[in-house]
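Q: Following this message is one structure expressed as structure tokens.
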Amino acid sequence: MSLFKLFQKNTKNVINHYNNLQITAISSRKLSILPSIYDGEQDPGPKFFSSGVQALLKRLTRPDFAKVFRKRTNSNLSVLRTPKYKFLTDEELKAEMSKANQTAARLLQMPPVVKVHEPINEVLSKDPALVGYDTSKYLFTDITFGVPNEHRLIVERNPDGTLQNCDHDTRKRLNQIYFPMQGRKVREPIMFADEEKFNGLLEAEKYEYILDRACIQYEPDEPNYQKITSITYQHVDMKTNFNLLRSTRHFGPLVFYLTWHQSMDNLMLELLQSGIVREAVLLMGLRHAIHEDITNADEVNVLVPQILPTPVQLTKPETLSEEDIQMDNKCVDCIAKYITNNSAMKSQQELALQGFREDYQQLVDLSRGLKKAHGNA
Amino acid sequence: MSLKLFSLRHLFKKPICVTSNQTTLYQNNVVSNLTNFSTSSIACVNFFNKLPAEKLWKSVTSVSNAGAKKGRGKGAGRIRIRDLNRGQVIGVGKINMLWPGLSAPVIRGRELLKQQRLPDDPERMEKLIKLRDSMTKFRRLKLSPIERGWSGARMPGRSIGPPDPIGDDEFTGFDTKVLQLRSLLIMKGTLGRTRNYQAMVVTGNGQGLAGFGFGKAKEATAALRKAKNRAGKKLMHFDIYNGHTIFHDFFTAFGKSKIFVQKKNEGYGLCCHRAIKEICQAIGIKDLRAKVEGSNNLQHIVKAFFIGLLQQRTHQQLAEEKKLHLVEYKAENEYYPTVVASPSVVRTKEEIPKDETLDFIQYVMNDKVILKRKKFPRFYETMPHYDIFLKKFERYRNHEKIRLNLKVEYGEVKSFLNDKYPEEKVESEA
């Protein structure tokens with residue numbers, strides 16, 4: 001056991017100061033994005049972690065290996081290294097590729113989406129005999145090796161003699177002091193604490209940087225984490241900058257957030273405008289899995305398992321096979337129904353779908369003509 | 001030598017004295033009407049006013065043929081020819097006179113100028129002597145740092161522009177660098193030992209085309225020109241991997257010169273012999289390491305390097321030779337296996353013999369292994385003071401990081417106790 005003594009007045013001052021700062025900062029925000037956190041009745045955890053939703057989110061991330069394995073400057077390399085070369089047979093290459101897939105899965109592992117934690121108010125004992133024993137409170141931390149941080153025993157003895165479990169803030173600070181996590185700071189970094197700096201980052205569209213740093217600094221069930229991520233997601237949605245987060249681990253939570261808060265129609269519109277109808281159907285499937293408010297749910301539920309095994313569309317296809325055409329037509333029908341019944345941006349989405357239909361018809365004619373010309377029809 | 005000069009100056013002054021004496025004599029004669037008539041002759045002519053300046057200077061500065069061969073009359077102690085007319089103007093002399101029409105206008109304003117004597121300028125002679133002295137100093141040719149070569153104002157390493165156009169074909173984008181310029185002595189039947197210049201240059205456009213050439217001539221400039229134009233006629237094309245480096249490590253040799261060349265990552269730079277660096281820049285290679293071993297003969301190094309570059313195999317060739325996929329791993333890409341070349345037919349594991357070299361570097365080096373010398377500790381690391389330094393420094397090792405962090409958090413370096421016990425602010429100079 002180790003003893004950590006803090007001056008009570010000091011801590012109180014600091015905490016008050018912090019709270020004031022945040023409140024004033026939020027009210028003076030220029031963008032006027034109101035953060036919405038997962039603090040309602042429903043817990044998003046079980047839905048997010050269910051295998052169906054995970055598969056949908058992973059597929060919607062549209063992993064492009066060129067971006068997943070792009071040159072990173074944060075891998076502790078002060079200078080670049082000379083590349084290494086190997087001669088490989090087919091089997092060895094396959095094994096290496098499967099290893100790379102595992103690495104990609106690790107790089108794309110999504111930060112969990114969970115409900116905000118409850119405050120801890122557990123009084124262990126009240127000892128009136130100890131009232132006024134000291135002017136400051138005592139904190140006790142169990143620093144036994146191998147105990148996970150969230151189960152660590154951290155208690156405080158107040159000057160009025162109460163012994164109680166510490167709140168999350170204190171717990172986090174003490175855990176960071178005794179078992180420092182690389183990259184995490186004891187105090188909140190200025191980029192999160194100072195609203196002007198945070199807004200500057202948002203304006204510069206450094207979403208991935210913000211989200212990566214938030215993952216290190218906060219626990220997923222902290223209200224601060226959810227506020228920051230929520231503002232970032234809303235900013236991405238507002239500016240339709242979805243492509244900046246595609247192929248990163250943050251795209252899944254982004255889609256989940258938008259769908260959870262019933263504001264995924266902007267993303268749907270972006271998907272239709274870029275002509276990726278299959279992902280639009282998957283997005284409908286996600287909405288149904290979370291809210292179950294899609295009218296043509298049966299159709300979607302049939303289509304989703306058919307779409308999932310097909311390869312990810314990174315570029316526009318040049319020719320189409322008959323099965324592709326059949327599936328895409330089904331998707332388009334399905335989306336048309338969604339637009340009429342559930343969409344909040346009907347006219348825009350209809351226009352986008354119409355544009356897609358025309359482009360697609362040309363492509364279909366071209367590939368059928370080519371097939372005929374080659375004599376395979 | 002300075003004594004000689006001094007006597008020269010002394011002699012040079014004399015004729016003026018002689019003539020002035022003469023005039024006074026003449027005037028005296030006129031005035032006194034031949035009272036001091038003398039029959040003894042006065043020599044008014046000597047070699048100073050008989051010979052031209054050129055010949056006079058030659059008598060002082062010339063070096064015998066044998067002496068010149070030994071290198072006499074060169075370098076810092078050499079006597080230089082001085083132009084004594086420099087700084088002198090017709091009409092301006094020792095006696096400061098105003099000559100209208102010669103050193104001054106005839107009419108100034110509405111006044112007609114008259115010939116008159118002005119006050120003497122005492123600094124005139126000093127200025128002239130200073131000007132003459134400045135001509136004797138040995139001045140080294142100064143070059144701007146951009147034009148400079150490997151060493152001083154010497155030619156090696158300097159750029160001499162693109163080769164001359166052949167017909168209508170111009171060498172646009174080419175630049176030539178001198179690698180070597182040296183004088184050779186050759187024997188001739190009639191002339192005996194004569195001097196010849198030999199130049200070696202490399203020319204290239206920085207985009208894969210480059211060539212080197214030799215030129216010999218009586219003059220250095222002619223040798224350089226010949227070499228440059230020959231290099232332009234012997235261009236070779238080299239593939240550059242990803243626009244920055246070679247395809248693989250290789251070993252190459254010419255004569256006793258051996259070079260070990262290594263492929264390097266982007267941003268590594270050219271870490272090699274200066275001649276190899278110039279060649280790489282001419283070709284357009286940006287990153288490479290080369291170690292020269294054995295003879296330092298520059299011509300051999302250049303030839304060896306070019307041969308090595310030409311003998312490189314592209315990744316596709318390597319894959320075809322091995323009948324295996326060639327895969328690249330980069331640390332900055334999380335070691336993602338990128339297939340850079342695939343053969344038409346790939347062998348299976350059973351088809352590969354047991355003793356075949358599969359290691360890439362070993363294969364491209366033709367099973368040659370570079371001897372890596374053991375790294376010895378630095379001389380100070382075994383000394384007791386280094387231990388003391390390490391012990392003393394240990395407590396400061398993180399201070400830099402902490403200072404930075406404090407500056408980020410508080411805007412200045414201060415203690416955590418500062419909130420409760422603030423430091424007294426020192427009044428700025430009132």
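By order of appearance in the structure tokens: chains A, B, ..., then residues from 1 within every chain, and ligands from 1 in the order shown.
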May I ask you to extract the residues of chain A within 10 Å of chain B, using only C-alpha atoms, and to give them as an MDAnalysis selection string?
A: chainID A and resid 10 65:77 79:93 96:97 99:101 103:104 107 187:190
Q: Just want the 9 Å neighbourhood of Met191 in chain A, counted on only C-alpha atoms, with same-chain residues fewer than 5 positions away dropped. Output as JSON, numbers by chain.
A: {"A": [196, 197, 198, 199, 201, 210]}
Q: Name the closest residue to Ile231 in chain A among the candidates A:Glu195, A:Glu318, A:Glu279, A:Asp39; distances are taken between atoms, counting only C-alpha atoms.
A: A:Glu195
Q: Distance CA of Lys303 in chain B-CA of Gln198 in chain B, one decimal place?
A: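 CA of Gln198 in chain B lies at a distance of 16.1 Å from CA of Lys303 in chain B.
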Q: Given only C-alpha atoms as the basis, pick out the residue of B:Asn46, B:Ala227, B:Leu191, B:Asn85 nearest to Asp164 in chain B.
A: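 Nearest to Asp164 in chain B: B:Ala227.
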Q: Neighbours of Gln299 in chain B within 9 Å (only C-alpha atoms; same-chain residues fewer than 6 positions away dropped), as a PyMOL selection string?
A: chain B and resi 179-180+200
Q: Got a sec: who's within 12 Å of Lys58 in chain A, counting only C-alpha atoms, leaving out chain neighbours fewer than 6 positions off, as an MDAnalysis selection string?
A: chainID A and resid 48:49 51:52 64 104:105 107:110 246:256 279 282:283 286 308 312
Q: Generate the output file for the selected residues, C-alpha atoms, as a PDB file, in the first residue's frame.
A:
ATOM      1  CA  PHE A  48     -22.180  -2.610 -31.019  1.00  0.00           C
ATOM      2  CA  PHE A  49     -20.425  -5.813 -30.006  1.00  0.00           C
ATOM      3  CA  SER A  51     -21.295 -10.130 -34.409  1.00  0.00           C
ATOM      4  CA  GLY A  52     -23.812  -8.991 -37.057  1.00  0.00           C
ATOM      5  CA  ASP A  64      -8.133  -0.074 -48.611  1.00  0.00           C
ATOM      6  CA  ALA A 104      -4.783  -4.993 -40.906  1.00  0.00           C
ATOM      7  CA  ALA A 105      -7.433  -6.351 -38.575  1.00  0.00           C
ATOM      8  CA  LEU A 107      -4.848  -1.742 -37.164  1.00  0.00           C
ATOM      9  CA  LEU A 108      -8.567  -1.481 -37.889  1.00  0.00           C
ATOM     10  CA  GLN A 109      -9.777  -2.705 -34.505  1.00  0.00           C
ATOM     11  CA  MET A 110     -12.582  -0.338 -33.579  1.00  0.00           C
ATOM     12  CA  ARG A 246     -12.625   5.440 -44.328  1.00  0.00           C
ATOM     13  CA  SER A 247     -10.056   2.640 -43.957  1.00  0.00           C
ATOM     14  CA  THR A 248      -9.371   3.773 -40.410  1.00  0.00           C
ATOM     15  CA  ARG A 249     -10.550   2.182 -37.174  1.00  0.00           C
ATOM     16  CA  HIS A 250     -12.761   5.189 -36.435  1.00  0.00           C
ATOM     17  CA  PHE A 251     -15.167   4.738 -39.322  1.00  0.00           C
ATOM     18  CA  GLY A 252     -17.136   1.961 -37.612  1.00  0.00           C
ATOM     19  CA  PRO A 253     -17.876   3.994 -34.459  1.00  0.00           C
ATOM     20  CA  LEU A 254     -18.688   6.984 -36.684  1.00  0.00           C
ATOM     21  CA  VAL A 255     -21.312   5.040 -38.644  1.00  0.00           C
ATOM     22  CA  PHE A 256     -22.636   3.529 -35.439  1.00  0.00           C
ATOM     23  CA  GLU A 279     -22.880  -0.390 -48.913  1.00  0.00           C
ATOM     24  CA  LEU A 282     -25.590  -2.569 -45.612  1.00  0.00           C
ATOM     25  CA  LEU A 283     -26.212   0.771 -43.947  1.00  0.00           C
ATOM     26  CA  LEU A 286     -27.282  -1.557 -39.725  1.00  0.00           C
ATOM     27  CA  LEU A 308     -21.049  -9.415 -47.213  1.00  0.00           C
ATOM     28  CA  VAL A 312     -14.899  -4.608 -51.384  1.00  0.00           C
TER      29      VAL A 312
END
Q: Using only C-alpha atoms, which residues sit within 12 Å of Ser347 in chain A once same-chain residues fewer than 6 positions away are excluded, as JSON, numbers by chain?
A: {"A": [265, 269, 336, 339, 340, 353, 354]}
Q: Write the residues you've just listed into a file as a JSON list (two decimals), in the first residue's frame, and include N, CA, C and O atoms for each of them.
A:
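Output below, filename result_1.json:
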[["chain", "number", "residue", "atom", "x", "y", "z"],
["A", 265, "ASP", "N", -28.57, 9.80, -42.84],
["A", 265, "ASP", "CA", -29.03, 10.02, -44.21],
["A", 265, "ASP", "C", -28.01, 10.77, -45.05],
["A", 265, "ASP", "O", -27.96, 10.59, -46.27],
["A", 269, "LEU", "N", -26.65, 9.47, -48.54],
["A", 269, "LEU", "CA", -26.61, 10.29, -49.75],
["A", 269, "LEU", "C", -25.22, 10.23, -50.38],
["A", 269, "LEU", "O", -25.08, 10.08, -51.60],
["A", 336, "ALA", "N", -34.75, 2.27, -53.12],
["A", 336, "ALA", "CA", -35.87, 3.13, -53.54],
["A", 336, "ALA", "C", -37.00, 3.06, -52.52],
["A", 336, "ALA", "O", -37.60, 4.08, -52.17],
["A", 339, "ILE", "N", -36.07, 5.01, -49.45],
["A", 339, "ILE", "CA", -36.16, 6.46, -49.63],
["A", 339, "ILE", "C", -37.61, 6.92, -49.46],
["A", 339, "ILE", "O", -37.88, 7.92, -48.79],
["A", 340, "THR", "N", -38.53, 6.17, -50.02],
["A", 340, "THR", "CA", -39.93, 6.60, -49.93],
["A", 340, "THR", "C", -40.48, 6.46, -48.51],
["A", 340, "THR", "O", -41.26, 7.29, -48.06],
["A", 353, "LEU", "N", -30.02, 8.65, -56.61],
["A", 353, "LEU", "CA", -30.32, 7.30, -57.07],
["A", 353, "LEU", "C", -30.61, 7.30, -58.57],
["A", 353, "LEU", "O", -30.16, 6.40, -59.31],
["A", 354, "GLN", "N", -31.32, 8.33, -59.03],
["A", 354, "GLN", "CA", -31.64, 8.42, -60.45],
["A", 354, "GLN", "C", -30.35, 8.55, -61.26],
["A", 354, "GLN", "O", -30.18, 7.89, -62.28]]
Q: As a ChimeraX atom specification, please: every residue in range 197-347 of chain A that DSSP puts in helix (DSSP H, G or I).
A: /A:197-203,207-217,223-239,242-245,251-260,265-273,277-291,297-307,322-341,346-347
Q: Could you please determine the separation between CA of Asn149 in chain A and CA of Asn175 in chain A in Å, to one decimal place?
A: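 Taking CA of Asn149 in chain A as the start and CA of Asn175 in chain A as the end point, the length is 6.4 Å.
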Q: Identify, on the basis of only C-alpha atoms, every residue whose closest approach to range 157-166 of chain A does not exceed 6 Å; exclude the query and any residue fewer than 2 positions from it along the same chain; express the result as a ChimeraX atom specification.
A: /A:122-128,130-132,134,137-138,155
Q: Give me the residues near His168 in chain A as a list in words, where near means some atom within 10 Å (using only C-alpha atoms) and where sequence neighbours in that chain fewer than 3 positions away do not count.
A: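 Residues meeting the cut-off are His117, Glu118, Pro119, Ile120, Glu150, Asn165, Arg171, Lys172, Arg173, Leu174 and Glu222 of chain A.
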Q: Counting only C-alpha atoms, which residue out of B:Thr221, B:Ser144, B:Gln311, B:Asn366 sits closest to Tyr197 in chain B?
A: B:Thr221
Q: Write out as a list of chain:residue names all residues of range 124-180 of chain B that DSSP puts in strand (DSSP E or B) for this structure's backbone.
A: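 Residues of range 124-180 of chain B classed as strand (DSSP E or B): B:Ser159, B:Ile166, B:Asp169, B:Asp175, B:Thr176, B:Lys177, B:Val178, B:Leu179, B:Gln180.
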Q: Could you write out that same residue set with N, CA, C and O atoms as an mmCIF file, in the first residue's frame?
A:
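Produced file out_20.cif, reproduced below:
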data_model
loop_
_atom_site.group_PDB
_atom_site.id
_atom_site.type_symbol
_atom_site.label_atom_id
_atom_site.label_comp_id
_atom_site.auth_asym_id
_atom_site.auth_seq_id
_atom_site.Cartn_x
_atom_site.Cartn_y
_atom_site.Cartn_z
ATOM 1 N N SER B 159 31.485 22.223 -62.313
ATOM 2 C CA SER B 159 30.565 21.986 -63.421
ATOM 3 C C SER B 159 31.060 22.760 -64.645
ATOM 4 O O SER B 159 31.497 23.908 -64.519
ATOM 5 N N ILE B 166 25.548 18.243 -81.127
ATOM 6 C CA ILE B 166 26.024 17.507 -82.299
ATOM 7 C C ILE B 166 24.993 17.751 -83.392
ATOM 8 O O ILE B 166 23.863 17.275 -83.302
ATOM 9 N N ASP B 169 21.207 18.309 -82.651
ATOM 10 C CA ASP B 169 20.801 17.702 -81.376
ATOM 11 C C ASP B 169 21.501 18.388 -80.224
ATOM 12 O O ASP B 169 22.727 18.339 -80.111
ATOM 13 N N ASP B 175 24.332 18.221 -67.537
ATOM 14 C CA ASP B 175 25.367 18.995 -66.865
ATOM 15 C C ASP B 175 26.601 18.107 -66.752
ATOM 16 O O ASP B 175 26.492 16.890 -66.565
ATOM 17 N N THR B 176 27.768 18.710 -66.888
ATOM 18 C CA THR B 176 29.010 17.942 -66.860
ATOM 19 C C THR B 176 29.815 18.329 -65.630
ATOM 20 O O THR B 176 29.927 19.503 -65.307
ATOM 21 N N LYS B 177 30.347 17.320 -64.971
ATOM 22 C CA LYS B 177 31.185 17.573 -63.802
ATOM 23 C C LYS B 177 32.575 17.021 -64.077
ATOM 24 O O LYS B 177 32.711 15.918 -64.624
ATOM 25 N N VAL B 178 33.598 17.797 -63.701
ATOM 26 C CA VAL B 178 34.980 17.330 -63.877
ATOM 27 C C VAL B 178 35.293 16.372 -62.735
ATOM 28 O O VAL B 178 35.024 16.676 -61.574
ATOM 29 N N LEU B 179 35.826 15.207 -63.085
ATOM 30 C CA LEU B 179 36.204 14.257 -62.047
ATOM 31 C C LEU B 179 37.708 14.299 -61.809
ATOM 32 O O LEU B 179 38.174 14.110 -60.696
ATOM 33 N N GLN B 180 38.446 14.539 -62.894
ATOM 34 C CA GLN B 180 39.904 14.527 -62.757
ATOM 35 C C GLN B 180 40.496 15.427 -63.830
ATOM 36 O O GLN B 180 40.028 15.442 -64.962
#
Q: What does the distance from CA of Gly369 in chain A to CA of Thr315 in chain A come to in Å, to one decimal?
A: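 Straight-line distance from CA of Gly369 in chain A to CA of Thr315 in chain A works out to 21.4 Å.
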Q: Kindly indicate which residue among A:Lys115, A:Arg152, A:Arg357, A:Lys94 lies nearest to Ile276 in chain A, using only C-alpha atoms for the distances.
A: A:Arg357
Q: Using only C-alpha atoms, which of the listed residues (B:Asn418, B:Ser295, B:Ser59, B:Ser344) sits closest to Gln317 in chain B?
A: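 Nearest candidate to Gln317 in chain B out of B:Asn418, B:Ser295, B:Ser59, B:Ser344: B:Ser344.
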